[in-house]
file run-v9.tsv (TSV, C-alpha atoms and all ligand atoms)
chain	number	residue	atom	x	y	z
M	1	MET	CA	6.87	-14.73	22.22
M	2	ILE	CA	8.25	-12.27	19.70
M	3	LEU	CA	6.07	-9.35	18.66
M	4	VAL	CA	6.92	-6.56	16.22
M	5	LEU	CA	5.18	-3.19	16.51
M	6	LEU	CA	4.91	-1.59	13.09
M	7	GLY	CA	3.45	1.83	12.35
M	8	PRO	CA	4.27	5.35	11.27
M	9	PRO	CA	5.78	8.02	13.54
M	10	GLY	CA	3.19	8.94	16.16
M	11	SER	CA	1.06	5.83	15.71
M	12	GLY	CA	1.57	4.94	19.38
M	13	LYS	CA	4.26	2.23	19.23
M	14	GLY	CA	6.10	3.55	22.29
M	15	THR	CA	2.88	4.23	24.21
M	16	GLN	CA	1.52	0.75	23.58
M	17	ALA	CA	4.85	-1.02	24.18
M	18	GLU	CA	5.10	0.62	27.58
M	19	ARG	CA	1.60	-0.57	28.51
M	20	LEU	CA	2.00	-4.08	27.14
M	21	THR	CA	5.49	-5.30	27.97
M	22	ASP	CA	4.81	-5.67	31.72
M	23	LYS	CA	1.45	-7.29	31.09
M	24	LEU	CA	2.95	-9.78	28.66
M	25	GLY	CA	6.32	-10.21	30.43
M	26	LEU	CA	8.25	-9.18	27.33
M	27	THR	CA	11.38	-7.05	27.00
M	28	HIS	CA	10.73	-3.80	25.12
M	29	LEU	CA	13.44	-3.07	22.54
M	30	SER	CA	12.94	0.34	20.95
M	31	THR	CA	15.61	1.32	18.43
M	32	GLY	CA	14.55	4.98	18.77
M	33	ASP	CA	15.03	4.91	22.57
M	34	ILE	CA	18.39	3.12	22.31
M	35	LEU	CA	19.60	5.69	19.77
M	36	ARG	CA	18.38	8.68	21.81
M	37	GLU	CA	20.19	7.27	24.85
M	38	ALA	CA	23.36	6.86	22.76
M	39	VAL	CA	23.12	10.49	21.60
M	40	LYS	CA	22.56	11.68	25.18
M	41	ASN	CA	25.59	9.70	26.44
M	42	GLY	CA	27.79	11.04	23.64
M	43	SER	CA	28.77	7.52	22.55
M	44	GLU	CA	30.36	6.74	19.18
M	45	LEU	CA	27.04	5.28	17.97
M	46	GLY	CA	25.23	8.43	19.13
M	47	ALA	CA	27.68	10.67	17.27
M	48	LYS	CA	27.15	8.67	14.06
M	49	ALA	CA	23.35	8.56	14.41
M	50	GLU	CA	22.50	12.10	15.55
M	51	SER	CA	22.54	13.96	12.23
M	52	PHE	CA	20.33	11.33	10.54
M	53	MET	CA	17.81	11.46	13.39
M	54	LYS	CA	17.65	15.27	13.42
M	55	ALA	CA	16.95	15.24	9.68
M	56	GLY	CA	14.21	12.61	10.03
M	57	GLU	CA	16.18	10.09	8.00
M	58	PHE	CA	17.06	6.50	8.79
M	59	VAL	CA	20.31	5.69	10.53
M	60	PRO	CA	22.34	3.38	8.20
M	61	ASP	CA	21.26	-0.26	8.27
M	62	GLU	CA	24.64	-1.69	9.31
M	63	LEU	CA	24.71	0.46	12.49
M	64	ILE	CA	21.13	-0.45	13.39
M	65	ILE	CA	21.54	-4.17	12.74
M	66	ASP	CA	24.73	-4.30	14.84
M	67	MET	CA	23.06	-2.34	17.62
M	68	ILE	CA	19.89	-4.45	17.81
M	69	THR	CA	21.76	-7.77	17.51
M	70	THR	CA	23.99	-6.81	20.45
M	71	LYS	CA	20.98	-5.65	22.45
M	72	MET	CA	19.07	-8.89	21.86
M	73	GLU	CA	22.12	-10.93	22.91
M	74	GLU	CA	22.59	-8.84	26.07
M	75	THR	CA	18.93	-9.00	27.02
M	76	SER	CA	18.19	-12.53	27.99
M	77	ASN	CA	14.45	-12.92	28.40
M	78	ASP	CA	12.95	-16.37	28.08
M	79	SER	CA	9.49	-14.84	27.68
M	80	GLY	CA	10.51	-12.87	24.59
M	81	PHE	CA	10.73	-9.43	23.00
M	82	MET	CA	8.56	-6.65	21.74
M	83	LEU	CA	10.43	-4.94	18.90
M	84	ASP	CA	9.47	-1.27	18.42
M	85	GLY	CA	10.95	0.61	15.46
M	86	PHE	CA	12.79	-2.39	14.03
M	87	PRO	CA	12.70	-3.62	11.33
M	88	ARG	CA	12.00	-0.47	9.35
M	89	ASN	CA	12.80	-1.46	5.78
M	90	LEU	CA	13.09	-4.64	3.72
M	91	VAL	CA	16.85	-5.02	4.27
M	92	GLN	CA	16.34	-4.96	8.05
M	93	ALA	CA	13.36	-7.34	7.86
M	94	GLN	CA	15.29	-9.87	5.80
M	95	LYS	CA	18.27	-9.59	8.16
M	96	LEU	CA	15.98	-10.20	11.14
M	97	ASP	CA	14.58	-13.31	9.43
M	98	GLU	CA	18.18	-14.59	9.00
M	99	ILE	CA	19.13	-13.86	12.61
M	100	PHE	CA	16.02	-15.60	13.91
M	101	LYS	CA	16.51	-18.57	11.59
M	102	GLU	CA	20.01	-19.10	12.98
M	103	SER	CA	18.63	-19.05	16.55
M	104	SER	CA	15.50	-21.08	15.69
M	105	LEU	CA	13.26	-18.17	16.71
M	106	THR	CA	10.17	-16.93	14.89
M	107	ILE	CA	8.07	-13.78	14.93
M	108	ASP	CA	4.62	-14.56	16.39
M	109	GLN	CA	2.79	-11.44	15.26
M	110	VAL	CA	3.43	-8.10	13.61
M	111	ILE	CA	1.02	-5.55	15.05
M	112	TYR	CA	0.45	-2.75	12.56
M	113	LEU	CA	-0.93	0.42	14.17
M	114	ASN	CA	-2.93	2.21	11.50
M	115	VAL	CA	-3.59	5.93	12.14
M	116	PRO	CA	-4.61	8.61	9.58
M	117	ARG	CA	-1.81	10.98	8.61
M	118	ALA	CA	-3.54	14.14	9.90
M	119	GLU	CA	-3.87	12.56	13.35
M	120	LEU	CA	-0.16	11.55	13.33
M	121	ALA	CA	0.97	15.12	12.62
M	122	LYS	CA	-1.32	16.43	15.38
M	123	ARG	CA	0.01	13.94	17.95
M	124	LEU	CA	3.65	14.66	17.14
M	125	SER	CA	3.28	18.44	17.17
M	126	GLY	CA	1.66	18.18	20.63
M	127	ARG	CA	4.24	15.83	22.17
M	128	PHE	CA	6.47	17.10	25.02
M	129	TYR	CA	8.64	15.26	27.55
M	130	CYS	CA	10.51	15.88	30.77
M	131	PRO	CA	14.29	15.61	30.26
M	132	THR	CA	14.76	14.51	33.88
M	133	CYS	CA	12.12	11.84	34.54
M	134	ASN	CA	11.10	11.26	30.91
M	135	ALA	CA	7.37	11.69	31.66
M	136	GLY	CA	5.39	12.33	28.48
M	137	TYR	CA	2.69	14.97	27.85
M	138	ASN	CA	0.58	15.80	24.86
M	139	TYR	CA	-1.10	19.13	24.14
M	140	PRO	CA	-4.09	19.41	24.34
M	141	VAL	CA	-5.07	15.85	25.36
M	142	HIS	CA	-2.66	15.27	28.26
M	143	LEU	CA	-1.63	18.61	29.75
M	144	PRO	CA	0.72	19.18	32.68
M	145	LYS	CA	-0.88	20.87	35.71
M	146	ASN	CA	1.27	23.97	35.11
M	147	ASP	CA	1.86	24.95	31.51
M	148	GLY	CA	5.28	23.89	30.20
M	149	VAL	CA	6.60	22.18	33.33
M	150	CYS	CA	6.67	18.57	34.50
M	151	ASP	CA	4.17	17.53	37.21
M	152	ASN	CA	6.76	15.25	38.86
M	153	ASP	CA	9.75	17.56	39.24
M	154	GLY	CA	8.89	21.01	37.86
M	155	GLU	CA	11.46	20.62	35.07
M	156	LYS	CA	10.85	22.62	31.86
M	157	LEU	CA	9.26	20.37	29.22
M	158	LEU	CA	11.05	19.84	25.89
M	159	ARG	CA	10.13	18.66	22.41
M	160	ARG	CA	12.05	16.00	20.51
M	161	ALA	CA	14.22	17.69	17.85
M	162	ASP	CA	12.59	15.46	15.22
M	163	ASP	CA	9.08	16.62	16.17
M	164	GLU	CA	9.58	19.98	14.42
M	165	GLU	CA	6.97	20.24	11.67
M	166	ASN	CA	9.33	20.00	8.67
M	167	VAL	CA	11.11	16.98	10.17
M	168	VAL	CA	7.78	15.28	10.94
M	169	GLN	CA	6.77	15.63	7.27
M	170	LYS	CA	10.11	14.08	6.25
M	171	ARG	CA	9.68	11.18	8.72
M	172	LEU	CA	6.18	10.48	7.37
M	173	GLU	CA	7.51	10.47	3.79
M	174	VAL	CA	10.36	8.14	4.73
M	175	TYR	CA	7.85	5.82	6.42
M	176	ALA	CA	5.61	5.75	3.32
M	177	LYS	CA	8.54	4.99	1.03
M	178	GLN	CA	10.71	2.65	3.08
M	179	THR	CA	8.67	1.13	5.90
M	180	SER	CA	5.15	0.73	4.51
M	181	PRO	CA	6.32	-2.07	2.12
M	182	LEU	CA	6.79	-4.15	5.29
M	183	GLU	CA	3.00	-4.21	5.71
M	184	GLY	CA	2.80	-6.34	2.54
M	185	TYR	CA	5.93	-8.32	3.45
M	186	TYR	CA	4.45	-9.50	6.74
M	187	ARG	CA	0.89	-9.81	5.41
M	188	GLY	CA	2.32	-12.23	2.86
M	189	GLN	CA	3.80	-14.28	5.69
M	190	GLY	CA	0.45	-14.36	7.48
M	191	LEU	CA	1.88	-12.43	10.43
M	192	LEU	CA	0.31	-8.97	10.07
M	193	VAL	CA	-2.53	-7.91	12.35
M	194	GLU	CA	-3.94	-4.47	11.56
M	195	ILE	CA	-5.23	-2.42	14.48
M	196	ALA	CA	-7.26	0.77	14.02
M	197	ALA	CA	-5.11	2.80	16.40
M	198	ASP	CA	-6.78	6.22	16.16
M	199	SER	CA	-9.04	5.48	19.13
M	200	ASP	CA	-8.45	5.90	22.86
M	201	PRO	CA	-5.11	4.35	24.02
M	202	ASP	CA	-6.95	1.92	26.37
M	203	GLU	CA	-9.03	0.62	23.47
M	204	VAL	CA	-5.93	0.16	21.34
M	205	THR	CA	-4.23	-1.77	24.16
M	206	GLN	CA	-7.27	-4.02	24.50
M	207	GLN	CA	-7.36	-4.73	20.77
M	208	ILE	CA	-3.68	-5.74	20.86
M	209	ILE	CA	-4.21	-7.98	23.90
M	210	ASN	CA	-7.14	-9.67	22.14
M	211	SER	CA	-4.99	-10.30	19.11
M	212	VAL	CA	-1.99	-11.56	21.06
M	213	SER	CA	-4.11	-13.90	23.18
M	214	LYS	CA	-4.89	-15.80	19.97
M	215	VAL	CA	-1.15	-16.47	19.52
M	216	LYS	CA	-0.87	-17.70	23.10
M	217	THR	CA	-3.72	-20.17	22.68
M	218	ASN	CA	-2.57	-21.47	19.28
K	1	LIG	P1	11.56	6.30	16.83
K	1	LIG	O1	11.77	6.84	18.16
K	1	LIG	O2	11.29	4.87	16.65
K	1	LIG	O3	10.44	7.21	16.17
K	1	LIG	P2	9.15	6.90	15.32
K	1	LIG	O4	9.00	5.56	14.72
K	1	LIG	O5	9.13	8.02	14.36
K	1	LIG	O6	8.05	6.87	16.37
K	1	LIG	P3	7.70	7.89	17.52
K	1	LIG	O7	8.51	7.57	18.71
K	1	LIG	O8	7.72	9.31	17.05
K	1	LIG	O9	6.15	7.55	17.67
K	1	LIG	P4	5.44	6.28	18.28
K	1	LIG	O10	4.79	5.50	17.18
K	1	LIG	O11	6.33	5.54	19.23
K	1	LIG	O12	4.28	7.02	19.04
K	1	LIG	P5	4.19	7.45	20.59
K	1	LIG	O13	3.73	6.30	21.40
K	1	LIG	O14	5.45	8.14	20.99
K	1	LIG	O15	12.82	6.65	15.88
K	1	LIG	C1	13.38	7.93	15.87
K	1	LIG	C2	14.49	7.99	14.81
K	1	LIG	O16	15.52	7.03	15.10
K	1	LIG	C3	14.07	7.65	13.38
K	1	LIG	O17	13.48	8.75	12.72
K	1	LIG	C4	15.41	7.24	12.77
K	1	LIG	O18	16.21	8.35	12.50
K	1	LIG	C5	16.06	6.47	13.91
K	1	LIG	N1	15.73	5.03	13.87
K	1	LIG	C6	15.00	4.34	14.80
K	1	LIG	N2	14.89	3.05	14.43
K	1	LIG	C7	15.56	2.92	13.25
K	1	LIG	C8	15.77	1.84	12.37
K	1	LIG	N3	15.28	0.60	12.63
K	1	LIG	N4	16.48	2.06	11.24
K	1	LIG	C9	16.99	3.27	10.96
K	1	LIG	N5	16.82	4.36	11.76
K	1	LIG	C10	16.10	4.18	12.89
K	1	LIG	O19	2.98	8.48	20.49
K	1	LIG	C11	3.15	9.76	19.89
K	1	LIG	C12	2.31	10.78	20.66
K	1	LIG	O20	0.92	10.44	20.51
K	1	LIG	C13	2.59	10.76	22.19
K	1	LIG	O21	2.54	12.06	22.67
K	1	LIG	C14	1.43	9.92	22.77
K	1	LIG	O22	1.07	10.33	24.06
K	1	LIG	C15	0.29	10.21	21.78
K	1	LIG	N6	-0.59	9.04	21.60
K	1	LIG	C16	-0.20	7.73	21.52
K	1	LIG	N7	-1.29	6.94	21.35
K	1	LIG	C17	-2.38	7.78	21.30
K	1	LIG	C18	-3.78	7.56	21.13
K	1	LIG	N8	-4.29	6.34	20.95
K	1	LIG	N9	-4.58	8.64	21.12
K	1	LIG	C19	-4.08	9.91	21.29
K	1	LIG	N10	-2.76	10.17	21.48
K	1	LIG	C20	-1.91	9.12	21.46

call {"tool": "encode", "arguments": {"input": "run-v9.tsv", "output": "structure tokens", "more": "lines below"}}
Ligand code: AP5
result
Amino acid sequence: MILVLLGPPGSGKGTQAERLTDKLGLTHLSTGDILREAVKNGSELGAKAESFMKAGEFVPDELIIDMITTKMEETSNDSGFMLDGFPRNLVQAQKLDEIFKESSLTIDQVIYLNVPRAELAKRLSGRFYCPTCNAGYNYPVHLPKNDGVCDNDGEKLLRRADDEENVVQKRLEVYAKQTSPLEGYYRGQGLLVEIAADSDPDEVTQQIINSVSKVKTN
């Protein structure tokens, strides 16, 4: 099974992918996570990507397409993939169609997480993470026991550089301009399933499972 998670920054792609990949036996491929890891490791890819990410802009298509193609080849999983953060514009979507055509693969569903813009900004401004164990927190809905430090290891919590307010606004604009056309692209192919994702995370997970179970039984 191949699923694509589509949605603006803060719509819950990472949160839902984490909950669903084990349940569905899929490999989670998040371009954002792969890029952040590359920046952290000081790799050549990380050095090329960092300034774009900090500014809330897209990393150039050729770097992203190379990176995700390699990752899909390296990750052999007969059950399939959940793509999170890719494709993100029409060039990437068309390239993915080509890659899949060559390997006789098809996308089963594109899950579009729809969340109002005000809620997105609120979620991103409240997001913190532990740099050691990567645990996530969100003020005020998921607070650590002691303000500003991780429950698991007492490490000081950090914010993602691209969660600063001005960068968040830029990321939301870039989504509206470059990624939202993919909603129509996949709707036209009969693949888009829209989920109202501004409810409780458990409810969102259940809605996605309900939708995906229809693919499995088809
Ligand atoms: P990426 O990491 O993919 O960032 P993003 O798409 O902006 O998404 P986020 O990770 O911010 O949000 P999310 O939708 O995963 O939400 P989350 O679950 O974390 O990409 C980062 C950068 O990398 C890009 O800006 C770009 O520079 C580059 N890049 C990546 N892919 C690229 C590509 N294909 N092409 C070019 N460049 C690329 O949730 C957010 C917060 O909300 C969390 O705190 C969470 O706890 C909370 N939350 C989640 N669900 C709920 C809920 N239902 N109710 C309340 N709170 C919730």

call {"tool": "residues_near_ligand", "arguments": {"input": "run-v9.tsv", "ligand": "ligand LIG 1 (chain K)", "cutoff": "6 Å", "atoms": "all atoms listed in the file", "output": "PyMOL selection string"}}
result
chain M and resi 8-15+31-33+52-53+56-59+64+85-88+123-124+127+137-138+197-201

call {"tool": "residues_around", "arguments": {"input": "run-v9.tsv", "residues": "Asp163 of chain M", "least_positions_apart": "4", "cutoff": "7 Å", "atoms": "all atoms listed in the file", "output": "mmCIF file with C-alpha atoms, in the frame of the given file"}}
result
data_model
loop_
_atom_site.group_PDB
_atom_site.id
_atom_site.type_symbol
_atom_site.label_atom_id
_atom_site.label_comp_id
_atom_site.auth_asym_id
_atom_site.auth_seq_id
_atom_site.Cartn_x
_atom_site.Cartn_y
_atom_site.Cartn_z
ATOM 1 C CA LEU M 124 3.650 14.660 17.140
ATOM 2 C CA SER M 125 3.280 18.440 17.170
ATOM 3 C CA ARG M 159 10.130 18.660 22.410
ATOM 4 C CA VAL M 167 11.110 16.980 10.170
ATOM 5 C CA VAL M 168 7.780 15.280 10.940
#

call {"tool": "closest_residue", "arguments": {"input": "run-v9.tsv", "among": "M:Leu29, M:Leu83, M:Ser103, M:Ala121", "to": "Glu165 of chain M", "atoms": "all atoms listed in the file"}}
result
M:Ala121

call {"tool": "residues_around", "arguments": {"input": "run-v9.tsv", "residues": "Tyr175 of chain M", "least_positions_apart": "2", "cutoff": "9 Å", "atoms": "only C-alpha atoms", "output": "PyMOL selection string"}}
result
chain M and resi 7-9+88-89+170-173+177-180

call {"tool": "residues_around", "arguments": {"input": "run-v9.tsv", "residues": "Met1 of chain M", "least_positions_apart": "2", "cutoff": "7 Å", "atoms": "only C-alpha atoms", "output": "JSON, numbers by chain"}}
result
{"M": [3, 79, 80, 81, 108]}

call {"tool": "residues_near_point", "arguments": {"input": "run-v9.tsv", "point": "(13.0, -7.0, 19.2)", "cutoff": "12 Å", "atoms": "only C-alpha atoms", "output": "ChimeraX atom specification"}}
result
/M:1-6,17,21,26-31,34,64-65,67-77,80-88,92-93,96-97,99-100,105-110

call {"tool": "residues_around", "arguments": {"input": "run-v9.tsv", "residues": "Val39 of chain M", "least_positions_apart": "2", "cutoff": "12 Å", "atoms": "only C-alpha atoms", "output": "PyMOL selection string"}}
result
chain M and resi 32-37+41-54

call {"tool": "closest_residue", "arguments": {"input": "run-v9.tsv", "among": "M:Leu191, M:Leu157, M:Leu90, M:Val204", "to": "Thr132 of chain M", "atoms": "all atoms listed in the file"}}
result
M:Leu157

call {"tool": "residues_around", "arguments": {"input": "run-v9.tsv", "residues": "Pro131 of chain M", "least_positions_apart": "6", "cutoff": "9 Å", "atoms": "all atoms listed in the file", "output": "list in words"}}
result
Glu155, Lys156, Leu157 and Leu158 of chain M
